[in-house]
Amino acid sequence: MSGLTILIIRHAEKRPAKTGPGPGLPVRALRDELRGDDALPLNEGDRKMSEEINHRRRHFLAVAGATIAAARFGTIGPANAQVAKAKPAQLPAIKPGTNTSFGALKQIDAGLLNVGYAEAGPADGPAVILLHGWPYDIYSFVDVTPLLAQAGYRVIVPYLRGYGTTRFLSNDTFRNGQPTAVAADIVALMDALKIEKATLAGFDWGARTVNIIAALWPERCKAMVSVSGYLISSQEAGKMPLPPSAELQWWYQFYFATDRGRAGYEKYRHDFAKLIWQLASPKWNFDDATFERSAKAFDNPDHVAVVIHNYRWRIGLAEGEPRYADLDKRIAASPVITVPTITMEGDANGAPHPPPNSYANKFSGRYEHREIKGGIGHNLPQEAPQAFAEAVVDVAEG
């Protein structure tokens with residue numbers, strides 16, 4: 001992470017006292033490790049142990065000889081935090097913008113959608129699902145994905161509803177952008193891909209989505225990386241007025257609340273998205289080719305409808321669907337997230353975002369906050385891919 005500095009706050013996880021001897025390495029699992037991937041465990045327990053060892057071997061081989069390219073310093077956090085210097089994951093150094101494409105995209109029916117997604121890494125590797133935000137797309141993870149794949153992870157990067165090649169299966173389905181609907185889409189995708197549990201990571205809409213899944217479906221979320229922290233909210237909270245300087249940051253939300261705003265976004269969605277990129281990441285000097293790769297995702301026929309509904313729903317100007325009413329009621333209580341979590345923030349994020357000390361107590365499990373220095377804005381995975389990938393590995397294997 002050339003030129004980047006990471007500030008870390010680590011919160012102590014309350015763990016039960018350990019009793020009895022720790023798990024030992026079965027002789028047969030050790031024998032299989034020495035013999036290689038082709039060795040067959042004699043029972044299911046040995047097979048699972050062997051798969052874990054194989055994953056760790058792949059990770060070791062992928063990162064052997066790589067150097068740590070960032071210094072991590074402890075910083076003072078809330079009263080229940082302990083200052084720590086975490087040993088970073090050792091991933092190969094990568095310059096942002098190194099990669100410009102994924103392999104051939106895949107499509108799968110999942111819930112209400114036919115989802116378009118990129119996939120990389122071994123099919124039997126631990127699953128990682130990366131979720132983009134607005135107005136961004138899967139290319140936010142174009143450099144993160146190969147780093148994780150080389151480390152032995154099965155990486156899934158889907159287009160959210162209303163983006164890219166993802167389509168609604170029925171013309172009659174309401175083009176709904178409410179956050180719980182997007183979260184339900186990802187759980188349905190996991191079901192379709194036969195992924196029981198995954199490490200989830202995202203920013204913007206993607207961060208809110210992984211927050212909701214971690215809170216409502218913790219059995220499906222092994223661990224989480226969330227840019228800008230805890231983003232679960234409710235319509236009632238969205239109706240509360242903010243100080244003028246804070247309201248100014250949400251100007252586009254109020255624009256979208258009008259018919260003129262919807263028509264304007266429909267007509268100028270390309271220019272609108274580019275303006276948001278510039279405002280949200282004022283120090284990110286992305287080129288036209290980088291933007292155009294992502295801008296194609298906004299040509300999705302449902303894009304405008306989904307985006308407008310999302311922002312109108314947030315401030316109570318649009319109704320949600322009854323099928324998500326119970327989920328909305330549960331997130332309205334601002335549930336605590338129990339899964340291991342790393343939250344992240346760029347030091348030059350120009351988009352609205354809460355301060356880290358405002359949400360630290362929303363995570364009751366193993367937790368760290370990392371501030372990424374070096375002019376990093378809102379699209380953190382694309383602007384600082386190595387820092388983001390390291391966070392994913394650290395939280396998944398910590």
# chains A, B, ... in the order shown; residues from 1 in each chain; ligands from 1
>>> residues_around(residues="A:Phe168", least_positions_apart="2", cutoff="9 Å", atoms="only C-alpha atoms", output="ChimeraX atom specification")
/A:112-115,161-162,166,170-173,175,302
>>> residues_around(residues="stretch 374-380 of chain A", least_positions_apart="6", cutoff="7 Å", atoms="only C-alpha atoms", output="VMD selection string")
chain A and resid 3 to 5 140 280 to 284 346 to 351
>>> write_last_selection(atoms="C-alpha atoms", output="PDB file, in the first residue's frame")
ATOM      1  CA  GLY A   3       1.924   5.864   0.604  1.00  0.00           C
ATOM      2  CA  LEU A   4      -0.819   4.462   2.865  1.00  0.00           C
ATOM      3  CA  THR A   5      -0.920   4.364   6.631  1.00  0.00           C
ATOM      4  CA  SER A 140     -14.626  -1.454  -7.361  1.00  0.00           C
ATOM      5  CA  ALA A 280     -16.985  11.410  -2.757  1.00  0.00           C
ATOM      6  CA  SER A 281     -13.306  10.837  -3.589  1.00  0.00           C
ATOM      7  CA  PRO A 282     -11.844  14.326  -4.139  1.00  0.00           C
ATOM      8  CA  LYS A 283      -8.225  13.110  -4.214  1.00  0.00           C
ATOM      9  CA  TRP A 284      -8.763  10.059  -6.440  1.00  0.00           C
ATOM     10  CA  GLY A 346     -10.528   6.609   4.054  1.00  0.00           C
ATOM     11  CA  ASP A 347      -8.990   9.839   5.273  1.00  0.00           C
ATOM     12  CA  ALA A 348     -10.441  11.753   2.305  1.00  0.00           C
ATOM     13  CA  ASN A 349     -13.981  10.361   2.152  1.00  0.00           C
ATOM     14  CA  GLY A 350     -16.143  13.159   0.760  1.00  0.00           C
ATOM     15  CA  ALA A 351     -19.425  11.267   1.135  1.00  0.00           C
TER      16      ALA A 351
END
>>> closest_residue(among="A:Tyr252, A:Lys296, A:Ala120, A:Tyr136", to="A:Trp277", atoms="only C-alpha atoms")
A:Tyr136
>>> residues_around(residues="stretch 307-311 of chain A", least_positions_apart="4", cutoff="8 Å", atoms="only C-alpha atoms", output="list in words")
Gly162, Arg175, Asn176, Gly177, Gln178, Pro179, Gln253, Phe256, Ala257, Arg262, His303, Ile315 and Ala318 of chain A
>>> select_by_dssp(residues="stretch 190-370 of chain A", states="strand (DSSP E or B)", output="list in words")
Ala198, Thr199, Leu200, Ala201, Gly202, Cys221, Lys222, Ala223, Met224, Val225, Ser226, Val227, Ile337, Thr341, Ile342, Thr343, Met344, Glu345, Gly346, Phe363, Tyr367, Glu368, His369 and Arg370 of chain A
>>> write_last_selection(atoms="C-alpha atoms", output="CSV table (one decimal), in the first residue's frame")
chain,number,residue,atom,x,y,z
A,198,ALA,CA,-19.2,-16.5,3.8
A,199,THR,CA,-17.1,-13.5,4.8
A,200,LEU,CA,-19.0,-10.5,3.6
A,201,ALA,CA,-17.3,-7.2,2.7
A,202,GLY,CA,-18.6,-4.0,1.1
A,221,CYS,CA,-21.9,-14.5,7.9
A,222,LYS,CA,-18.5,-15.8,9.1
A,223,ALA,CA,-17.0,-12.3,9.4
A,224,MET,CA,-17.4,-8.8,8.0
A,225,VAL,CA,-15.6,-5.8,6.5
A,226,SER,CA,-17.6,-2.7,6.4
A,227,VAL,CA,-16.5,0.7,5.0
A,337,ILE,CA,-23.6,-7.1,15.2
A,341,THR,CA,-15.8,-7.2,12.1
A,342,ILE,CA,-13.3,-4.7,10.7
A,343,THR,CA,-14.6,-1.3,9.9
A,344,MET,CA,-12.7,1.0,7.6
A,345,GLU,CA,-12.6,4.6,6.5
A,346,GLY,CA,-10.5,6.6,4.1
A,363,PHE,CA,-20.1,-4.5,17.5
A,367,TYR,CA,-13.6,-5.7,16.3
A,368,GLU,CA,-11.1,-3.3,14.8
A,369,HIS,CA,-11.4,0.1,13.0
A,370,ARG,CA,-8.9,1.0,10.4
>>> atom_distance(atom1="atom CA of A:Thr165", atom2="atom CA of A:Asn300")
7.1 Å
